[in-house]
Number of protein chains: 2
Amino acid sequence: MSEHFTPVSTLGEFGIIQRMSDRLVDLPRSSGLIEGIGDDAAVYKVSEGTLHVITTDALIEGVHFDRTFIPMSFLGFKSISVNVSDVVAMNAKPLYATIALGIPRNMSVEMLDGLYDGIKMACKKYGMELVGGDTTTAHALYISITVVGEVAERDVVFRRGANVGDFLCVTGDVGGAYAGLKVLLDQRQALKDLGEDYEPDLEALQYVIQRQLRPNARLDMIEAFKKAGIRPTSMIDISDGIASEVHHIAIRSGVGATVRIPALPFDPETRLVADQFMDDIDAYALFGGEDYELLFTVDPSEVSKVDALEGVSVIGNIEEAARGVRAYSPETGLLPLHPAGYQHFDPNEVNPDDFDLPPSKNGAK
Amino acid sequence: MSEHFTPVSTLGEFGIIQRMSDRLVDLPRSSGLIEGIGDDAAVYKVSEGTLHVITTDALIEGVHFDRTFIPMSFLGFKSISVNVSDVVAMNAKPLYATIALGIPRNMSVEMLDGLYDGIKMACKKYGMELVGGDTTTAHALYISITVVGEVAERDVVFRRGANVGDFLCVTGDVGGAYAGLKVLLDQRQALKDLGEDYEPDLEALQYVIQRQLRPNARLDMIEAFKKAGIRPTSMIDISDGIASEVHHIAIRSGVGATVRIPALPFDPETRLVADQFMDDIDAYALFGGEDYELLFTVDPSEVSKVDALEGVSVIGNIEEAARGVRAYSPETGLLPLHPAGYQHFDPNEVNPDDFDLPPSKNGAK
């Protein structure tokens, strides 16, 4: 079809999305669309005062997970959570999901049932319904989910709303999913060394492993925000690590930011893993990703309400754009913080002949 | 995870969807959901008098297409059309689409651009917008599209509304997509015989090849229905062949049906191909699939309006359930018509090591 062959890897993940945006830019814009490509979810108006949001995310075997290490029910749960997380990041409530499944021939009915059970558990947890599906043969297990959510027009939150002077906050604890990945990779190595006799131990360090394999979307937090009368000025979910997500907010809002490293909230189990591997725990949070917590900004007038909420930490400040995105710690002072979060698209990382890959490549720098 | 291994192939495509429905059946049902899994698209209420519909369909390299034979822009166009077709089958207008792309490493930026161009052309044609995307590495090209559409509550049409006495109608002509597949498979054989010097000829028999590679969704027809004051009692799009689709309407509506074979509308080019291959042209229409025309039923009081519409054929009647689904021709009389349309899921048909497959497996019995 074309004489030229420029490898897609030259674009990178953001480049591919940007190219899609650019090539589609002169499409007629309907009056109902409020936000297209460029936030966690697209937003459109469905009636006076009510918006819907829509998001799509796929999990592919050998790229996002290794079937040896993730129980099928966890995988089903995770495939819903990662999408609900994007809906929640718009301050919206999930309503409906559709699924497109690509099923390889080495998959059993029992595995399929496990997958459905996990999907069902997640749908129940988030109070939503699976309303449509497409199934087809595939070369590897492919799970593509779309979730539609709802939010009142006055409540919607975008990445682009942060203002200079706002406080930067995060829900829950961070870096745990990457700690879980480290543990699983270590077990995988043991499996290689010990052969088929080795059985992966999902009981030890259960918290961080569950953070990696069965993450929760923080729907509970946006309900807590509502109850406490907090309306974030901007919000994003943490799929690629705090460093990358702060950059998204900064770029879309036209601001700078400082992340105070000592304020990053860690679970004791995450500390244990980082100590075991003699790793810098801060890097788990900044560059690890897949925590599916919410990173958000609030007006200074609301910071007392945030302080009163359990499970929310103030970790920094929004500043003028000229200052860029920086990290502060007493040891290093202020340093530029690069968005070194994992970018999914690197064609060289997947070899179709070799599914022998980590459970997740997120953060696997 | 499980001691048992029952091959998924024992379920078949409809079995997989049914199993999903069964396992998810006790999920809390929201008040807004009107139709879940089981029609062309799911339907939910967004405001008084207004419904949204949502559908997901994936195209996978080696299963639904062969990159050697389909220009990337056609593939992009088709991936949108097959989804819009499901929206149109609910008598709804498409509004927004999201895409999840799995991109293999042997794909170039030029091919990606071609794909986007086709998607853009289709979005323009159908007056809709691509609002979200997820891209990731994959082992083969994977395109999963979700489309949201809108319809007034009084206008929505389901598979389940056919009544005894209704007329069975079809838009456009049928069997063309399968004729196109035959031509392409023939060219593929020539490619094998002649080696790398052979170039596929997409100009000869252009109509049927385009029916296969670049199908149109019949949004124009539902606009024509509206103008003519026709409200189908039931409707479905033809993705798996008329035999299979009539069965869907019959089962969901609790009725029987007779298809009058001599009334099936064919394009002259489809006849030419069937003659060339000495095939039974009726089988192209009944079992071929991928025509993406609309099969619908109307009340007898509306049949004069249907007759007045260009490009619509009355091809049969809705009867009592006890009569089953039958085909009539002067040569054979009345015979039972089996739903032998292609079922996508047969794990044995895809070998991950062998992408050497027809451009589409639809109808490739």
# chains A, B, ... in the order shown; residues from 1 in each chain; ligands from 1

$ interface_residues --of "chain A" --to "chain B" --cutoff "6 Å" --atoms "only C-alpha atoms" --output "MDAnalysis selection string"
chainID A and resid 5:8 24 36:37 42 57 105 108:109 120 131:132 134 136:137 139 344:345 347 352

$ select_by_dssp --residues "stretch 8-126 of chain A" --states "alpha helix (DSSP H)" --output "NGL selection string"
:A and (12-24 or 72-88 or 109-126)

$ select_by_dssp --residues "stretch 39-206 of chain A" --states "strand (DSSP E)" --output "ChimeraX atom specification"
/A:42-47,50-60,93-103,129-137,142-152,167-171

$ atom_distance --atom1 "atom CA of B:Asp280" --atom2 "atom CA of B:Pro268"
14.3 Å

$ atom_distance --atom1 "atom CA of B:Gly180" --atom2 "atom CA of B:Glu269"
9.5 Å

$ residues_around --residues "B:Ala177" --least-positions-apart "6" --cutoff "12 Å" --atoms "only C-alpha atoms" --output "ChimeraX atom specification"
/B:183-184,205-216,238-241,266-267,269-270,273-274,281,284-293,359-364

$ write_last_selection --atoms "N, CA and C atoms" --output "short mmCIF file (atom, residue, chain, number, x, y, z; two decimals), in the first residue's frame"
data_model
loop_
_atom_site.label_atom_id
_atom_site.label_comp_id
_atom_site.auth_asym_id
_atom_site.auth_seq_id
_atom_site.Cartn_x
_atom_site.Cartn_y
_atom_site.Cartn_z
N VAL B 183 -13.54 -14.05 -4.79
CA VAL B 183 -12.59 -13.47 -5.74
C VAL B 183 -11.23 -13.27 -5.08
N LEU B 184 -11.25 -12.76 -3.85
CA LEU B 184 -10.00 -12.51 -3.14
C LEU B 184 -9.26 -13.81 -2.81
N LEU B 205 -13.89 -6.62 -10.86
CA LEU B 205 -14.98 -7.00 -9.95
C LEU B 205 -14.98 -6.12 -8.70
N GLN B 206 -14.83 -4.83 -8.97
CA GLN B 206 -14.63 -3.87 -7.89
C GLN B 206 -15.80 -3.81 -6.93
N TYR B 207 -17.01 -3.96 -7.45
CA TYR B 207 -18.18 -3.85 -6.58
C TYR B 207 -18.18 -4.90 -5.49
N VAL B 208 -18.02 -6.17 -5.87
CA VAL B 208 -18.08 -7.23 -4.85
C VAL B 208 -16.88 -7.18 -3.91
N ILE B 209 -15.72 -6.78 -4.44
CA ILE B 209 -14.54 -6.68 -3.57
C ILE B 209 -14.74 -5.58 -2.53
N GLN B 210 -15.31 -4.46 -2.97
CA GLN B 210 -15.59 -3.39 -2.01
C GLN B 210 -16.65 -3.81 -1.00
N ARG B 211 -17.60 -4.62 -1.44
CA ARG B 211 -18.61 -5.13 -0.50
C ARG B 211 -17.93 -5.91 0.62
N GLN B 212 -16.85 -6.61 0.28
CA GLN B 212 -16.11 -7.41 1.25
C GLN B 212 -15.16 -6.56 2.09
N LEU B 213 -14.41 -5.67 1.41
CA LEU B 213 -13.32 -4.98 2.10
C LEU B 213 -13.70 -3.63 2.69
N ARG B 214 -14.75 -3.01 2.11
CA ARG B 214 -15.08 -1.65 2.55
C ARG B 214 -16.60 -1.49 2.60
N PRO B 215 -17.26 -2.28 3.45
CA PRO B 215 -18.72 -2.27 3.48
C PRO B 215 -19.28 -0.96 4.05
N ASN B 216 -20.49 -0.63 3.59
CA ASN B 216 -21.20 0.54 4.11
C ASN B 216 -22.27 0.11 5.10
N ILE B 238 -27.17 -7.64 8.68
CA ILE B 238 -26.73 -8.93 8.13
C ILE B 238 -25.22 -9.04 8.24
N SER B 239 -24.76 -9.61 9.34
CA SER B 239 -23.33 -9.87 9.45
C SER B 239 -23.02 -11.34 9.21
N ASP B 240 -23.96 -12.22 9.53
CA ASP B 240 -23.70 -13.66 9.41
C ASP B 240 -24.52 -14.38 8.34
N GLY B 241 -25.17 -13.68 7.45
CA GLY B 241 -26.00 -14.33 6.43
C GLY B 241 -27.46 -14.31 6.81
N PHE B 266 -30.00 -9.59 -5.92
CA PHE B 266 -28.56 -9.74 -6.20
C PHE B 266 -28.07 -8.66 -7.16
N ASP B 267 -26.84 -8.26 -6.99
CA ASP B 267 -26.20 -7.38 -7.97
C ASP B 267 -25.70 -8.24 -9.12
N GLU B 269 -22.99 -8.26 -10.65
CA GLU B 269 -21.60 -8.69 -10.47
C GLU B 269 -21.54 -9.91 -9.54
N THR B 270 -22.45 -9.97 -8.57
CA THR B 270 -22.53 -11.14 -7.69
C THR B 270 -22.91 -12.37 -8.50
N VAL B 273 -19.92 -13.63 -10.53
CA VAL B 273 -18.95 -14.40 -9.72
C VAL B 273 -19.50 -15.80 -9.43
N ALA B 274 -20.77 -15.88 -9.02
CA ALA B 274 -21.36 -17.19 -8.72
C ALA B 274 -21.32 -18.09 -9.96
N ILE B 281 -25.90 -19.24 -6.07
CA ILE B 281 -25.87 -17.83 -5.61
C ILE B 281 -26.72 -17.62 -4.35
N TYR B 284 -24.81 -17.77 -1.20
CA TYR B 284 -24.04 -16.56 -0.89
C TYR B 284 -24.85 -15.65 0.04
N ALA B 285 -26.14 -15.48 -0.28
CA ALA B 285 -27.00 -14.57 0.49
C ALA B 285 -27.39 -15.17 1.84
N LEU B 286 -27.73 -16.47 1.80
CA LEU B 286 -28.26 -17.11 3.01
C LEU B 286 -27.19 -17.38 4.05
N PHE B 287 -26.00 -17.77 3.59
CA PHE B 287 -24.97 -18.22 4.53
C PHE B 287 -23.66 -17.43 4.45
N GLY B 288 -23.58 -16.49 3.49
CA GLY B 288 -22.30 -15.82 3.25
C GLY B 288 -21.95 -14.80 4.32
N GLY B 289 -22.87 -13.89 4.59
CA GLY B 289 -22.64 -12.90 5.63
C GLY B 289 -21.82 -11.71 5.19
N GLU B 290 -21.66 -10.76 6.13
CA GLU B 290 -20.87 -9.53 5.94
C GLU B 290 -21.45 -8.57 4.92
N ASP B 291 -22.73 -8.72 4.58
CA ASP B 291 -23.33 -7.76 3.64
C ASP B 291 -23.63 -6.43 4.33
N TYR B 292 -23.83 -6.47 5.66
CA TYR B 292 -24.16 -5.27 6.44
C TYR B 292 -25.35 -4.50 5.88
N GLU B 293 -26.28 -5.25 5.22
CA GLU B 293 -27.58 -4.69 4.89
C GLU B 293 -28.49 -4.88 6.10
N PRO B 359 -8.85 -13.36 3.76
CA PRO B 359 -9.08 -11.99 4.18
C PRO B 359 -10.15 -11.90 5.26
N SER B 360 -11.15 -12.73 5.16
CA SER B 360 -12.15 -12.82 6.21
C SER B 360 -12.62 -14.24 6.24
N LYS B 361 -12.93 -14.74 7.44
CA LYS B 361 -13.40 -16.10 7.53
C LYS B 361 -14.92 -16.15 7.46
N ASN B 362 -15.55 -14.99 7.44
CA ASN B 362 -17.01 -14.99 7.39
C ASN B 362 -17.51 -15.76 6.18
N GLY B 363 -18.34 -16.71 6.42
CA GLY B 363 -18.94 -17.45 5.32
C GLY B 363 -18.01 -18.49 4.73
N ALA B 364 -16.79 -18.55 5.21
CA ALA B 364 -15.81 -19.46 4.61
C ALA B 364 -16.02 -20.88 5.11
#
